[in-house]
Each structure stands twice: as C-alpha cells, then as structure tokens.
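Text of coords.pdb (PDB, C-alpha atoms) as supplied:
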```
MODEL        1
ATOM      1  CA  MET A 114     -29.234 -73.102  46.064
ATOM      2  CA  ALA A 115     -32.417 -71.369  47.204
ATOM      3  CA  THR A 116     -35.490 -73.502  47.898
ATOM      4  CA  ALA A 117     -39.182 -72.600  47.648
ATOM      5  CA  THR A 118     -39.073 -71.431  51.276
ATOM      6  CA  GLY A 119     -36.230 -68.972  50.459
ATOM      7  CA  LYS A 120     -33.740 -70.977  52.459
ATOM      8  CA  THR A 121     -30.449 -72.460  51.270
ATOM      9  CA  HIS A 122     -28.084 -75.096  52.544
ATOM     10  CA  CYS A 123     -25.202 -74.065  54.847
ATOM     11  CA  THR A 124     -21.810 -74.950  53.387
ATOM     12  CA  ILE A 125     -20.587 -76.169  56.801
ATOM     13  CA  CYS A 126     -23.480 -78.137  58.285
ATOM     14  CA  GLY A 127     -25.427 -78.793  55.067
ATOM     15  CA  LYS A 128     -28.757 -77.972  56.725
ATOM     16  CA  GLU A 129     -31.422 -75.978  54.979
ATOM     17  CA  LYS A 130     -31.511 -72.705  56.861
ATOM     18  CA  ALA A 131     -31.530 -68.990  56.398
ATOM     19  CA  THR A 132     -27.975 -68.246  55.197
ATOM     20  CA  ILE A 133     -25.618 -65.433  54.444
ATOM     21  CA  ARG A 134     -23.558 -65.553  51.277
ATOM     22  CA  CYS A 135     -19.861 -64.636  51.679
ATOM     23  CA  SER A 136     -18.950 -62.253  48.898
ATOM     24  CA  GLY A 137     -15.352 -63.553  48.940
ATOM     25  CA  CYS A 138     -15.671 -67.335  48.716
ATOM     26  CA  LEU A 139     -19.358 -67.233  47.566
ATOM     27  CA  ASN A 140     -20.282 -69.979  50.057
ATOM     28  CA  GLU A 141     -23.541 -69.930  52.052
ATOM     29  CA  PHE A 142     -23.313 -69.981  55.856
ATOM     30  CA  CYS A 143     -26.050 -70.329  58.464
ATOM     31  CA  TYR A 144     -26.004 -67.776  61.281
ATOM     32  CA  LYS A 145     -24.291 -70.325  63.557
ATOM     33  CA  HIS A 146     -21.406 -70.880  61.109
ATOM     34  CA  TRP A 147     -21.168 -67.316  59.763
ATOM     35  CA  GLU A 148     -19.369 -65.995  62.848
ATOM     36  CA  PRO A 149     -16.647 -68.736  62.877
ATOM     37  CA  HIS A 150     -16.090 -68.057  59.148
ATOM     38  CA  ARG A 151     -15.631 -64.325  59.872
ATOM     39  CA  GLN A 152     -13.329 -65.174  62.821
ATOM     40  CA  GLU A 153     -11.187 -67.311  60.511
ATOM     41  CA  LEU A 154     -11.013 -64.430  58.016
ATOM     42  CA  ASN A 155     -10.020 -62.051  60.853
ATOM     43  CA  LYS A 156      -7.346 -64.541  61.964
ATOM     44  CA  GLN A 157      -5.933 -64.659  58.407
ATOM     45  CA  LEU A 158      -5.958 -60.844  58.229
ATOM     46  CA  ASP A 159      -4.094 -60.690  61.577
ATOM     47  CA  GLU A 160      -1.476 -63.076  60.199
ATOM     48  CA  ILE A 161      -1.046 -60.965  57.058
ATOM     49  CA  GLU A 162      -0.646 -57.812  59.161
ATOM     50  CA  LEU A 163       1.930 -59.564  61.375
ATOM     51  CA  ASN A 164       3.905 -60.662  58.317
ATOM     52  CA  ARG A 165       3.668 -57.129  56.952
ATOM     53  CA  ASP A 166       5.073 -55.769  60.239
ATOM     54  CA  LEU A 167       7.953 -58.272  60.104
ATOM     55  CA  PHE A 168       8.623 -57.271  56.506
ATOM     56  CA  ARG A 169       8.613 -53.573  57.536
ATOM     57  CA  GLN A 170      11.260 -54.373  60.171
ATOM     58  CA  LEU A 171      13.380 -56.144  57.559
ATOM     59  CA  LEU A 172      12.986 -53.208  55.170
ATOM     60  CA  ASN A 173      13.946 -50.727  57.893
ATOM     61  CA  GLN A 174      17.039 -52.801  58.705
ATOM     62  CA  GLN A 175      18.114 -52.662  55.064
ATOM     63  CA  ILE A 176      17.560 -48.895  55.012
ATOM     64  CA  GLU A 177      19.433 -48.315  58.278
ATOM     65  CA  GLN A 178      22.197 -50.873  57.687
ATOM     66  CA  PRO A 179      22.856 -51.222  53.945
ATOM     67  CA  ASN A 180      26.192 -52.961  54.644
ATOM     68  CA  ASN A 181      24.336 -55.981  55.997
ATOM     69  CA  HIS A 182      22.714 -56.694  52.640
ATOM     70  CA  VAL A 183      23.525 -60.221  51.423
ATOM     71  CA  LEU A 184      24.992 -58.865  48.155
ATOM     72  CA  MET A 185      27.115 -56.365  50.108
ATOM     73  CA  LYS A 186      28.577 -59.326  51.974
ATOM     74  CA  GLN A 187      29.312 -60.983  48.619
ATOM     75  CA  ILE A 188      31.092 -57.822  47.414
ATOM     76  CA  ASN A 189      33.108 -57.687  50.648
ATOM     77  CA  GLN A 190      34.111 -61.335  50.208
ATOM     78  CA  TRP A 191      35.172 -60.649  46.602
ATOM     79  CA  GLU A 192      37.264 -57.711  47.820
ATOM     80  CA  SER A 193      38.896 -59.793  50.540
ATOM     81  CA  ASP A 194      39.667 -62.653  48.136
ATOM     82  CA  SER A 195      41.091 -60.216  45.571
ATOM     83  CA  ILE A 196      43.317 -58.549  48.165
ATOM     84  CA  LYS A 197      44.606 -61.976  49.215
ATOM     85  CA  LYS A 198      45.420 -62.821  45.574
ATOM     86  CA  ILE A 199      47.170 -59.476  45.074
ATOM     87  CA  THR A 200      49.133 -59.817  48.324
ATOM     88  CA  LYS A 201      50.200 -63.372  47.453
ATOM     89  CA  THR A 202      51.254 -62.383  43.927
ATOM     90  CA  ALA A 203      53.129 -59.309  45.188
ATOM     91  CA  GLU A 204      54.995 -61.373  47.777
ATOM     92  CA  GLU A 205      55.914 -64.061  45.228
ATOM     93  CA  THR A 206      57.114 -61.367  42.819
ATOM     94  CA  ARG A 207      59.172 -59.681  45.567
ATOM     95  CA  GLN A 208      60.854 -62.989  46.369
ATOM     96  CA  ILE A 209      61.717 -63.548  42.704
ATOM     97  CA  LEU A 210      63.123 -59.998  42.487
ATOM     98  CA  ILE A 211      65.178 -60.444  45.654
ATOM     99  CA  LYS A 212      66.587 -63.745  44.359
ATOM    100  CA  ASN A 213      67.472 -62.254  40.954
ATOM    101  CA  ASN A 214      68.841 -59.081  42.537
ATOM    102  CA  ASN A 215      71.073 -61.105  44.863
ATOM    103  CA  GLN A 216      72.430 -63.078  41.896
ATOM    104  CA  TYR A 217      73.000 -59.830  39.980
ATOM    105  CA  ILE A 218      74.729 -58.153  42.929
ATOM    106  CA  HIS A 219      76.913 -61.221  43.327
ATOM    107  CA  GLN A 220      77.980 -60.907  39.666
ATOM    108  CA  VAL A 221      78.772 -57.200  40.143
ATOM    109  CA  GLU A 222      80.679 -58.027  43.307
ATOM    110  CA  VAL A 223      82.763 -60.642  41.455
ATOM    111  CA  LYS A 224      83.652 -58.052  38.789
ATOM    112  CA  LEU A 225      84.475 -55.491  41.502
ATOM    113  CA  ASN A 226      86.773 -58.008  43.192
ATOM    114  CA  GLU A 227      88.518 -58.625  39.864
ATOM    115  CA  LEU A 228      88.984 -54.875  39.420
ATOM    116  CA  THR A 229      90.227 -54.557  43.003
ATOM    117  CA  ASN A 230      92.791 -57.309  42.393
ATOM    118  CA  GLN A 231      93.957 -55.631  39.183
ATOM    119  CA  LEU A 232      94.333 -52.285  40.996
ATOM    120  CA  ARG A 233      96.277 -53.871  43.880
ATOM    121  CA  GLN A 234      98.524 -55.762  41.518
ATOM    122  CA  SER A 235      99.203 -52.637  39.438
ATOM    123  CA  ARG A 236     100.039 -50.634  42.549
ATOM    124  CA  GLN A 237     102.191 -53.368  44.082
ATOM    125  CA  GLU A 238     104.151 -53.844  40.930
ATOM    126  CA  ASP A 239     104.112 -50.157  40.180
ATOM    127  CA  ASP A 240     103.124 -51.163  36.686
ATOM    128  CA  PHE A 241     100.458 -48.840  35.268
ATOM    129  CA  ASN A 242     100.125 -46.011  32.834
ATOM    130  CA  GLU A 243      97.437 -43.640  31.523
ATOM    131  CA  ILE A 244      95.888 -46.360  29.377
ATOM    132  CA  ASN A 245      95.560 -48.681  32.401
ATOM    133  CA  LEU A 246      94.064 -45.887  34.516
ATOM    134  CA  CYS A 247      91.523 -45.128  31.797
ATOM    135  CA  GLN A 248      90.570 -48.826  31.609
ATOM    136  CA  PHE A 249      90.212 -49.019  35.403
ATOM    137  CA  ARG A 250      88.101 -45.860  35.428
ATOM    138  CA  GLU A 251      85.858 -47.175  32.610
ATOM    139  CA  GLU A 252      85.392 -50.525  34.359
ATOM    140  CA  LEU A 253      84.508 -48.769  37.619
ATOM    141  CA  ASN A 254      82.012 -46.545  35.746
ATOM    142  CA  ARG A 255      80.449 -49.632  34.098
ATOM    143  CA  LEU A 256      80.075 -51.326  37.470
ATOM    144  CA  THR A 257      78.610 -48.166  39.011
ATOM    145  CA  GLU A 258      76.151 -47.880  36.137
ATOM    146  CA  GLN A 259      75.182 -51.542  36.455
ATOM    147  CA  LEU A 260      74.559 -51.108  40.172
ATOM    148  CA  THR A 261      72.527 -47.893  39.882
ATOM    149  CA  LYS A 262      70.470 -48.824  36.824
ATOM    150  CA  PRO A 263      67.633 -51.316  37.124
ATOM    151  CA  LEU A 264      68.513 -54.897  36.460
ATOM    152  CA  ASN A 265      67.864 -56.555  33.181
ATOM    153  CA  ILE A 266      64.535 -57.346  34.849
ATOM    154  CA  SER A 267      61.432 -55.198  34.614
ATOM    155  CA  ILE A 268      57.924 -55.299  35.994
ATOM    156  CA  GLN A 269      55.358 -56.297  33.418
ATOM    157  CA  GLU A 270      51.653 -55.828  34.054
ATOM    158  CA  ASP A 271      49.244 -58.059  32.210
ATOM    159  CA  SER A 272      46.301 -56.111  30.839
ATOM    160  CA  SER A 273      44.011 -59.096  31.207
ATOM    161  CA  SER A 274      42.931 -59.238  34.809
ATOM    162  CA  PHE A 275      43.877 -62.215  36.935
ATOM    163  CA  ILE A 276      41.282 -61.103  39.491
ATOM    164  CA  SER A 277      37.734 -61.885  38.532
ATOM    165  CA  GLN A 278      35.700 -58.792  37.784
ATOM    166  CA  ILE A 279      32.564 -57.953  39.751
ATOM    167  CA  SER A 280      29.636 -55.827  38.678
ATOM    168  CA  ILE A 281      25.970 -55.237  39.440
ATOM    169  CA  VAL A 282      23.481 -56.629  36.935
ATOM    170  CA  ARG A 283      19.848 -55.595  37.182
ATOM    171  CA  SER A 284      17.214 -57.840  35.729
ATOM    172  CA  GLY A 285      13.867 -56.110  35.383
ATOM    173  CA  GLU A 286      11.909 -53.833  37.650
ATOM    174  CA  LEU A 287      10.230 -54.456  40.967
TER
ENDMDL
END
```
Using structure tokens, write down the structure from this file.
Amino acid sequence: MATATGKTHCTICGKEKATIRCSGCLNEFCYKHWEPHRQELNKQLDEIELNRDLFRQLLNQQIEQPNNHVLMKQINQWESDSIKKITKTAEETRQILIKNNNQYIHQVEVKLNELTNQLRQSRQEDDFNEINLCQFREELNRLTEQLTKPLNISIQEDSSSFISQISIVRSGEL
C-alpha cells in the first residue's frame, strides 16, 4: 500500500521503502530483497528447464526404443503367458492322443492275432474254402482300414478362446 511519501512496505522485511512490484506474485519488494526474489525465480526456471531436458531424454528413448515401453512389456508378457498355455494344452492333448492311440492299436493287434491264429489253424488243418478266404480277406481289409483311418477320436477346437484377449483401448486425446 502506497503512503503519502510514495513508498510502500516490502513484503520481506516489512519496512516502508521504495519498492518494486512483481508482476507475477504482485508482492512489493525493496531493492535489497528484489534481487533474491529474482534469483529464486531464476532458480525455479532452471529447475523447470532441467526437468524439461530429462523429459526430452525420456521422449527420445521412447522414440528410439519403442519396445521398451511399459505397455509393450505387458503385451510381451501376455504373449509369453499365452504361448505357455498353448504349449501346455498341446502337450496334454498329445499325451491323451498317444494313450488312446496305444489302446486302439492294442485292440487292432488283438484282432490281428485272432486272424493270424485262424489263418494258421486253417492252413495246418488244410481246412478252408473260398468262403473262408473271402472272410479272411474282408477281416484283413477291415483291420487295414481301421489302422489307416483316424481313430474314433477327432480334434475339436472351441470357438470361445481359452486365452484371454488383448487389445489397445484409447481413452481421450493428449
């Protein structure tokens, strides 16, 4: 507040003196305290510029190395986890197939052994005719077909995904 002498009170020391008003904070400073106030403002500006330089470095790193982005790491982790799930499921499914296939082959082998015994017995006893030969041939064809065709098992893919989906969602502008 200006007095009759044209002097005001310094915000720092409170003395009535000739002052300079800061257009930023609107406080009055005597000449003694004006320079420290300006030095403090310069110090704050230096700090802002330093932080801006650090931010520029961070921005340049993201431009030069986009794979180091935190969300890119999240995507990579999702991919790795999904591959592990797929690999585990594929291995479990292979083991089930091998087990079922071994049981199936064993059944075919038992039928082949029965046919082999019938053939040996027919030859040993010299007891066979065209009807027997046709039956043997048909049984051998059935066994061959069973062995070459896929089992009574098939691969079924579920259309609903067992791996969680991932997508990018933007929310607003910068």
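When you apply the PyMOL selection byres ((chain A and resi 267-269) around 12) to this structure, what comes back is Ala203, Thr206, Arg207, Ile209, Leu210, Asn213, Asn214, Lys262, Pro263, Leu264, Asn265, Ile266, Glu270, Asp271, Ser272 and Ser273 of chain A.
The interatomic distance for the pair CA of Leu256 (chain A) and CA of Glu204 (chain A) works out to 28.9 Å.
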| request: Measure the distance from CA of Glu162 (chain A) to CA of Gln178 (chain A) in Å and round it to one decimal. | output: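 Pair CA of Glu162 (chain A) / CA of Gln178 (chain A) returns 23.9 Å.
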| field | Residues in the PyMOL selection byres ((chain A and resi 125) around 7), expressed as a list in words | value |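 Taken on the displayed file, the PyMOL selection byres ((chain A and resi 125) around 7) yields the residues Cys123, Thr124, Cys126, Gly127, Phe142 and His146 of chain A.
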Keeping C-alpha atoms for every residue in the selection just given, could you write it to a file as a PDB file, in the coordinates of the input?
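File produced: out02.pdb:
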```pdb
ATOM      1  CA  CYS A 123     -25.202 -74.065  54.847  1.00  0.00           C
ATOM      2  CA  THR A 124     -21.810 -74.950  53.387  1.00  0.00           C
ATOM      3  CA  CYS A 126     -23.480 -78.137  58.285  1.00  0.00           C
ATOM      4  CA  GLY A 127     -25.427 -78.793  55.067  1.00  0.00           C
ATOM      5  CA  PHE A 142     -23.313 -69.981  55.856  1.00  0.00           C
ATOM      6  CA  HIS A 146     -21.406 -70.880  61.109  1.00  0.00           C
TER       7      HIS A 146
END
```
Residues within 12 Å of Leu172 (chain A), please, as a PDB file with C-alpha atoms, keeping the file's coordinate frame. Count only C-alpha atoms; anything in the same chain fewer than 6 positions from it doesn't count.
```
ATOM      1  CA  ARG A 165       3.668 -57.129  56.952  1.00  0.00           C
ATOM      2  CA  ASP A 166       5.073 -55.769  60.239  1.00  0.00           C
ATOM      3  CA  GLN A 178      22.197 -50.873  57.687  1.00  0.00           C
ATOM      4  CA  PRO A 179      22.856 -51.222  53.945  1.00  0.00           C
ATOM      5  CA  ASN A 181      24.336 -55.981  55.997  1.00  0.00           C
ATOM      6  CA  HIS A 182      22.714 -56.694  52.640  1.00  0.00           C
TER       7      HIS A 182
END
```
| Distance CA of Thr121 (chain A)-CA of Lys145 (chain A), one decimal place? |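 Calculated distance between CA of Thr121 (chain A) and CA of Lys145 (chain A) is 13.9 Å.
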| message | Under the rule that all atoms listed in the file are counted, which of A:Asn245, A:Asn140, A:Asn215, A:Gln190 is the nearest residue to Gln231 (chain A)? | response |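 Selected residue with least distance to Gln231 (chain A): A:Asn245.
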| request: Might you pull out every residue within 9 Å of Lys224 (chain A), with all atoms listed in the file counted and same-chain residues fewer than 5 positions away left off, and present them as a PyMOL selection string? | output: chain A and resi 219+229+252+256
| Distance criterion (all atoms listed in the file): nearest to Asn226 (chain A) out of A:Ile188, A:Leu246, A:Thr200, A:Leu253 |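 That would be A:Leu253, the residue with the smallest distance to Asn226 (chain A).
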| task | Step by step, work through what the PyMOL selection byres ((chain A and resi 134) around 12) selects in the shown file, and finish by giving those residues as a list of chain:residue names. | result |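 Matching residues under the PyMOL selection byres ((chain A and resi 134) around 12) are A:Met114, A:Ala115, A:Lys120, A:Thr121, A:His122, A:Cys123, A:Thr124, A:Ala131, A:Thr132, A:Ile133, A:Cys135, A:Ser136, A:Gly137, A:Cys138, A:Leu139, A:Asn140, A:Glu141, A:Phe142, A:Cys143, A:Tyr144, A:His146, A:Trp147, A:His150, A:Arg151.
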